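One file, start33.txt, is given below (compact mmCIF, C-alpha atoms).
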```
# COMPACT_ATOMS: atom_id res chain seq x y z
CA MET A 26 -51.77 1.26 -11.63
CA ASN A 27 -48.30 1.99 -12.95
CA THR A 28 -46.68 5.29 -13.85
CA ARG A 29 -47.01 4.72 -17.59
CA ARG A 30 -50.78 4.30 -17.35
CA ILE A 31 -51.10 7.43 -15.21
CA VAL A 32 -49.07 9.45 -17.72
CA TYR A 33 -51.20 8.28 -20.66
CA ILE A 34 -54.39 9.03 -18.77
CA ALA A 35 -53.01 12.51 -17.98
CA ILE A 36 -52.16 13.06 -21.66
CA PHE A 37 -55.75 12.33 -22.64
CA VAL A 38 -57.11 14.51 -19.82
CA ALA A 39 -55.06 17.35 -21.33
CA LEU A 40 -56.25 16.56 -24.88
CA ILE A 41 -59.90 16.42 -23.80
CA THR A 42 -59.44 19.74 -21.98
CA LEU A 43 -57.84 21.39 -25.01
CA GLY A 44 -60.52 19.95 -27.28
CA GLY A 45 -63.20 21.59 -25.15
CA LEU A 46 -61.50 24.95 -24.85
CA VAL A 47 -61.37 25.33 -28.63
CA SER A 48 -65.06 25.58 -29.43
CA VAL A 49 -67.42 27.44 -31.72
CA PRO A 50 -71.00 28.15 -30.61
CA ILE A 51 -73.82 27.09 -32.91
CA PRO A 52 -76.15 30.09 -33.31
CA PHE A 53 -79.60 29.82 -31.70
CA THR A 54 -78.67 26.67 -29.72
CA GLN A 55 -77.17 25.75 -26.36
CA VAL A 56 -74.51 23.59 -28.05
CA GLU A 57 -70.97 24.31 -29.21
CA ILE A 58 -68.79 22.58 -31.78
CA SER A 59 -65.57 21.32 -30.19
CA LEU A 60 -63.01 18.55 -30.59
CA GLN A 61 -63.74 17.09 -27.16
CA THR A 62 -65.79 14.15 -28.33
CA VAL A 63 -63.15 12.88 -30.73
CA PHE A 64 -60.52 12.98 -27.97
CA VAL A 65 -62.89 11.13 -25.63
CA ILE A 66 -63.45 8.37 -28.18
CA THR A 67 -59.74 8.26 -29.01
CA ALA A 68 -58.95 7.88 -25.29
CA GLY A 69 -61.19 4.84 -25.17
CA LEU A 70 -59.80 3.35 -28.37
CA VAL A 71 -56.15 3.83 -27.45
CA LEU A 72 -56.21 3.36 -23.68
CA GLY A 73 -59.00 0.82 -23.43
CA GLY A 74 -62.37 1.15 -21.75
CA VAL A 75 -61.28 1.47 -18.13
CA ASP A 76 -58.37 3.88 -18.62
CA GLY A 77 -60.21 5.90 -21.29
CA GLY A 78 -63.19 6.24 -18.96
CA ALA A 79 -60.82 7.16 -16.11
CA ALA A 80 -59.31 9.98 -18.20
CA VAL A 81 -62.78 11.41 -18.79
CA LEU A 82 -63.73 11.01 -15.14
CA VAL A 83 -60.61 12.89 -14.02
CA TYR A 84 -61.48 15.65 -16.50
CA ILE A 85 -65.03 15.94 -15.14
CA ILE A 86 -63.87 15.97 -11.53
CA MET A 87 -61.35 18.71 -12.33
CA GLY A 88 -64.14 20.81 -13.82
CA LEU A 89 -66.60 20.19 -11.01
CA VAL A 90 -64.10 21.24 -8.34
CA GLY A 91 -63.77 24.58 -10.08
CA LEU A 92 -60.97 24.36 -12.62
CA PRO A 93 -62.13 26.13 -15.80
CA VAL A 94 -61.67 23.11 -18.08
CA PHE A 95 -65.22 22.94 -19.46
CA THR A 96 -66.22 24.93 -22.54
CA ARG A 97 -68.02 27.47 -20.35
CA GLY A 98 -65.86 27.41 -17.22
CA GLY A 99 -66.16 25.05 -14.30
CA GLY A 100 -67.59 24.54 -10.83
CA ILE A 101 -70.33 22.41 -9.32
CA GLY A 102 -73.01 24.68 -10.82
CA TYR A 103 -72.01 23.37 -14.24
CA VAL A 104 -74.33 20.41 -13.66
CA PHE A 105 -77.18 22.81 -14.55
CA GLN A 106 -75.70 23.59 -17.98
CA PRO A 107 -77.63 21.92 -20.81
CA SER A 108 -74.36 20.49 -22.16
CA PHE A 109 -73.40 18.70 -18.92
CA GLY A 110 -75.21 15.53 -20.03
CA TYR A 111 -72.69 15.13 -22.83
CA LEU A 112 -69.92 15.14 -20.23
CA ILE A 113 -71.71 12.36 -18.36
CA GLY A 114 -72.06 10.46 -21.62
CA PHE A 115 -68.34 10.92 -22.31
CA VAL A 116 -67.43 8.48 -19.54
CA LEU A 117 -69.67 5.77 -20.97
CA GLY A 118 -68.67 6.59 -24.56
CA ALA A 119 -64.95 6.17 -23.82
CA PHE A 120 -65.64 3.00 -21.88
CA VAL A 121 -67.84 1.46 -24.59
CA SER A 122 -65.52 2.29 -27.50
CA GLY A 123 -62.45 1.08 -25.61
CA SER A 124 -64.11 -2.09 -24.36
CA LEU A 125 -65.32 -2.99 -27.83
CA ARG A 126 -61.92 -2.30 -29.39
CA SER A 127 -60.13 -4.44 -26.79
CA ARG A 128 -62.39 -7.38 -27.64
CA LEU A 129 -61.36 -7.38 -31.29
CA ASN A 130 -59.25 -10.32 -32.43
CA ALA A 131 -58.08 -8.62 -35.60
CA VAL A 132 -57.92 -4.83 -35.33
CA THR A 133 -58.66 -3.12 -38.63
CA ARG A 134 -59.35 0.51 -39.37
CA VAL A 135 -62.99 -0.22 -40.21
CA LYS A 136 -63.53 -2.09 -36.95
CA VAL A 137 -61.92 0.75 -35.00
CA VAL A 138 -64.24 3.26 -36.69
CA LEU A 139 -67.25 1.07 -35.86
CA CYS A 140 -66.14 0.81 -32.20
CA GLY A 141 -65.77 4.59 -32.09
CA CYS A 142 -69.17 5.18 -33.67
CA VAL A 143 -70.84 2.81 -31.21
CA GLY A 144 -69.12 4.82 -28.45
CA LEU A 145 -70.84 7.95 -29.76
CA ILE A 146 -74.28 6.46 -29.10
CA PRO A 147 -74.30 6.78 -25.29
CA ILE A 148 -72.74 10.24 -25.52
CA TYR A 149 -75.55 11.56 -27.69
CA LEU A 150 -78.36 9.64 -26.00
CA ILE A 151 -77.42 10.86 -22.53
CA GLY A 152 -76.40 14.32 -23.73
CA ALA A 153 -79.51 15.09 -25.76
CA THR A 154 -81.83 13.73 -23.06
CA TYR A 155 -80.11 15.76 -20.34
CA GLN A 156 -80.13 18.86 -22.55
CA VAL A 157 -83.87 18.69 -23.11
CA LEU A 158 -84.59 17.98 -19.43
CA ILE A 159 -82.42 20.85 -18.17
CA LEU A 160 -83.87 23.28 -20.69
CA TYR A 161 -87.42 22.25 -19.82
CA TYR A 162 -87.27 21.81 -16.05
CA TYR A 163 -84.42 24.05 -14.90
CA THR A 164 -84.42 26.98 -17.31
CA GLY A 165 -88.18 26.95 -17.80
CA SER A 166 -88.13 26.68 -21.58
CA THR A 167 -91.22 25.30 -23.20
CA PHE A 168 -90.98 21.68 -24.27
CA ALA A 169 -91.08 22.75 -27.93
CA ALA A 170 -88.15 25.13 -27.36
CA ALA A 171 -86.21 22.42 -25.53
CA ILE A 172 -86.76 19.98 -28.40
CA GLY A 173 -85.98 22.73 -30.94
CA GLY A 174 -82.26 22.60 -30.21
CA LEU A 175 -81.93 18.94 -31.13
CA PRO A 176 -81.35 19.45 -34.89
CA ALA A 177 -78.01 21.06 -33.98
CA VAL A 178 -77.12 17.84 -32.18
CA GLY A 179 -77.51 16.01 -35.50
CA LEU A 180 -74.90 18.33 -37.01
CA LEU A 181 -72.54 17.54 -34.15
CA LEU A 182 -73.11 13.82 -34.54
CA ILE A 183 -72.18 13.99 -38.22
CA LYS A 184 -69.04 16.00 -37.37
CA ASP A 185 -68.04 13.55 -34.64
CA ALA A 186 -68.65 10.48 -36.82
CA ALA A 187 -66.42 12.00 -39.52
CA LEU A 188 -63.70 12.72 -36.96
CA VAL A 189 -63.97 9.17 -35.60
CA GLY A 190 -63.43 8.00 -39.18
CA PHE A 191 -60.27 10.10 -39.27
CA VAL A 192 -59.12 8.55 -35.97
CA GLY A 193 -59.77 5.11 -37.45
CA VAL A 194 -57.45 5.90 -40.33
CA LEU A 195 -54.76 7.12 -37.91
CA TYR A 196 -55.33 4.40 -35.31
CA PRO A 197 -52.53 1.99 -36.30
CA THR A 198 -50.02 4.84 -36.19
CA LEU A 199 -51.38 6.14 -32.87
CA HIS A 200 -51.31 2.69 -31.35
CA ARG A 201 -47.71 2.04 -32.44
CA ALA A 202 -46.54 5.51 -31.36
CA MET A 203 -48.02 5.20 -27.88
CA ARG A 204 -47.11 1.54 -27.37
CA TYR A 205 -49.89 1.34 -24.83
CA ARG A 206 -50.25 -2.19 -23.48
```

Can you present the structure in this file as structure tokens?
Amino acid sequence: MNTRRIVYIAIFVALITLGGLVSVPIPFTQVEISLQTVFVITAGLVLGGVDGGAAVLVYIIMGLVGLPVFTRGGGIGYVFQPSFGYLIGFVLGAFVSGSLRSRLNAVTRVKVVLCGCVGLIPIYLIGATYQVLILYYYTGSTFAAAIGGLPAVGLLLIKDAALVGFVGVLYPTLHRAMRYR
């Protein structure tokens, strides 16, 4: 791993952190609106699957060792937060979107958006499943209450898909500006 790769990974760790610290809670749910997901997908698209996933992994490790980089702080106890599943999904989401983008012969904005949207799938599958399981088993919510928060996840998915569309429009400029690989 060369210095340039480490610096770009660090840049995306910082962007993911900032994206999570600027968040707005959705009333009556355990979920918050943030810009984290779009930076995770962008890390994968720009850095590739391995380095994008590495940026997310560094971010998660920083939070688990106690740095307050997550939306609600940090520390090992964060694994019991309903939103922690989304963080787990972030690693796979960055990897999937970056791996798909790197396999493209001709990179177009539409293809980049599609790669980003496919990267959202593992984030939301893992995140929503983890959220329901933590709410049901750890916090003692009824199953109906645990499932009741999922409509807010749909709102987040729509927001993230729109932001991935925006990243797709900006992708050629981002790629040229970063001159990554």

* Hey, what's within 8 Å of Gly118 (chain A) if we count only C-alpha atoms and toss same-chain stuff fewer than 6 positions away? As a list in words, please? ->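 Everything that qualifies: Val65, Ile66, Gly69, Gly78, Val143, Gly144, Leu145, Ile146, Pro147 and Ile148 of chain A.
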
* Taking into account only C-alpha atoms, which residue in the set A:Gly123, A:Phe37, A:Gly173, A:Thr42 is nearest to Leu92 (chain A)? -> A:Thr42

* Shortest interatomic distance to Val157 (chain A) - which of A:Pro176, A:Gly190, A:Pro107, A:Gly45, counting only C-alpha atoms ->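 So, comparing all the options, the nearest one is A:Pro107.
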
* Asked: Of the candidates A:Leu199, A:Gly99, A:Gly174, A:Ala35, which shows the shortest atom-to-atom distance to Tyr161 (chain A), using only C-alpha atoms?
  -> A:Gly174

* For CA of His200 (chain A) and CA of Ala79 (chain A), quote the distance in Å rounded to one decimal. =>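 Between these atoms lies a distance of 18.5 Å.
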
* Asked: Got a sec: who's within 10 Å of Gly44 (chain A), counting all atoms listed in the file, leaving out chain neighbours fewer than 5 positions off, as JSON, numbers by chain?
  -> {"A": [38, 39, 58, 59, 60, 61, 62, 63, 64, 65, 94, 95, 96]}

* Quick one: of A:Leu182, A:Leu46, A:Ala80, A:Val116, who's nearest to Pro93 (chain A), counting all atoms listed in the file? -> A:Leu46

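The nearest approach to Ala202 (chain A) among the residues A:Val71, A:Ile41, A:Leu89, A:Ile183, with all atoms listed in the file taken into account, belongs to A:Val71.
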
* To do: Could you tell me which of A:Phe191, A:Tyr196, A:Tyr163, A:Tyr103 comes closest to Ile86 (chain A) if we count all atoms listed in the file?
  =>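 Closest residue, counting all atoms listed in the file: A:Tyr103.
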
Since the input is missing atoms for region 111-131 of chain A, could you rebuild it with N, CA, C and O atoms and give the result as a compact mmCIF listing (two decimals), keeping the file's coordinate frame?
```txt
# COMPACT_ATOMS: atom_id res chain seq x y z
N TYR A 111 -73.69 15.67 -21.90
CA TYR A 111 -72.69 15.13 -22.83
C TYR A 111 -71.45 14.72 -22.06
O TYR A 111 -70.82 13.71 -22.38
N LEU A 112 -71.08 15.49 -21.04
CA LEU A 112 -69.92 15.14 -20.23
C LEU A 112 -70.15 13.82 -19.50
O LEU A 112 -69.25 12.99 -19.40
N ILE A 113 -71.36 13.63 -19.01
CA ILE A 113 -71.71 12.36 -18.36
C ILE A 113 -71.59 11.23 -19.38
O ILE A 113 -71.03 10.17 -19.11
N GLY A 114 -72.12 11.47 -20.56
CA GLY A 114 -72.06 10.46 -21.62
C GLY A 114 -70.64 10.16 -22.08
O GLY A 114 -70.36 9.06 -22.56
N PHE A 115 -69.73 11.13 -21.92
CA PHE A 115 -68.34 10.92 -22.31
C PHE A 115 -67.72 9.72 -21.59
O PHE A 115 -66.97 8.95 -22.19
N VAL A 116 -68.02 9.58 -20.31
CA VAL A 116 -67.43 8.48 -19.54
C VAL A 116 -67.86 7.15 -20.15
O VAL A 116 -67.03 6.28 -20.43
N LEU A 117 -69.14 7.01 -20.39
CA LEU A 117 -69.67 5.77 -20.97
C LEU A 117 -69.20 5.60 -22.41
O LEU A 117 -68.87 4.48 -22.84
N GLY A 118 -69.13 6.67 -23.17
CA GLY A 118 -68.67 6.59 -24.56
C GLY A 118 -67.23 6.10 -24.67
O GLY A 118 -66.92 5.24 -25.50
N ALA A 119 -66.35 6.63 -23.82
CA ALA A 119 -64.95 6.17 -23.82
C ALA A 119 -64.87 4.72 -23.39
O ALA A 119 -64.14 3.92 -23.98
N PHE A 120 -65.65 4.37 -22.38
CA PHE A 120 -65.64 3.00 -21.88
C PHE A 120 -66.14 2.02 -22.95
O PHE A 120 -65.53 0.99 -23.20
N VAL A 121 -67.25 2.35 -23.58
CA VAL A 121 -67.84 1.46 -24.59
C VAL A 121 -66.90 1.30 -25.78
O VAL A 121 -66.62 0.17 -26.21
N SER A 122 -66.39 2.40 -26.33
CA SER A 122 -65.52 2.29 -27.50
C SER A 122 -64.26 1.52 -27.17
O SER A 122 -63.81 0.68 -27.95
N GLY A 123 -63.68 1.79 -26.00
CA GLY A 123 -62.45 1.08 -25.61
C GLY A 123 -62.69 -0.38 -25.32
O GLY A 123 -61.87 -1.24 -25.68
N SER A 124 -63.79 -0.69 -24.67
CA SER A 124 -64.11 -2.09 -24.36
C SER A 124 -64.36 -2.90 -25.63
O SER A 124 -63.90 -4.03 -25.75
N LEU A 125 -65.07 -2.30 -26.57
CA LEU A 125 -65.32 -2.99 -27.83
C LEU A 125 -64.02 -3.21 -28.60
O LEU A 125 -63.77 -4.30 -29.12
N ARG A 126 -63.18 -2.17 -28.67
CA ARG A 126 -61.92 -2.30 -29.39
C ARG A 126 -61.02 -3.36 -28.76
O ARG A 126 -60.37 -4.13 -29.45
N SER A 127 -61.00 -3.46 -27.45
CA SER A 127 -60.13 -4.44 -26.79
C SER A 127 -60.61 -5.87 -26.99
O SER A 127 -59.84 -6.80 -26.81
N ARG A 128 -61.86 -6.04 -27.39
CA ARG A 128 -62.39 -7.38 -27.64
C ARG A 128 -62.15 -7.87 -29.07
O ARG A 128 -62.45 -9.01 -29.40
N LEU A 129 -61.61 -6.99 -29.90
CA LEU A 129 -61.36 -7.38 -31.29
C LEU A 129 -60.18 -8.34 -31.39
O LEU A 129 -59.13 -8.11 -30.79
N ASN A 130 -60.36 -9.40 -32.17
CA ASN A 130 -59.25 -10.32 -32.43
C ASN A 130 -58.31 -9.72 -33.46
O ASN A 130 -57.10 -9.70 -33.27
N ALA A 131 -58.86 -9.26 -34.55
CA ALA A 131 -58.08 -8.62 -35.60
C ALA A 131 -58.52 -7.16 -35.66
O ALA A 131 -59.67 -6.86 -35.97
```
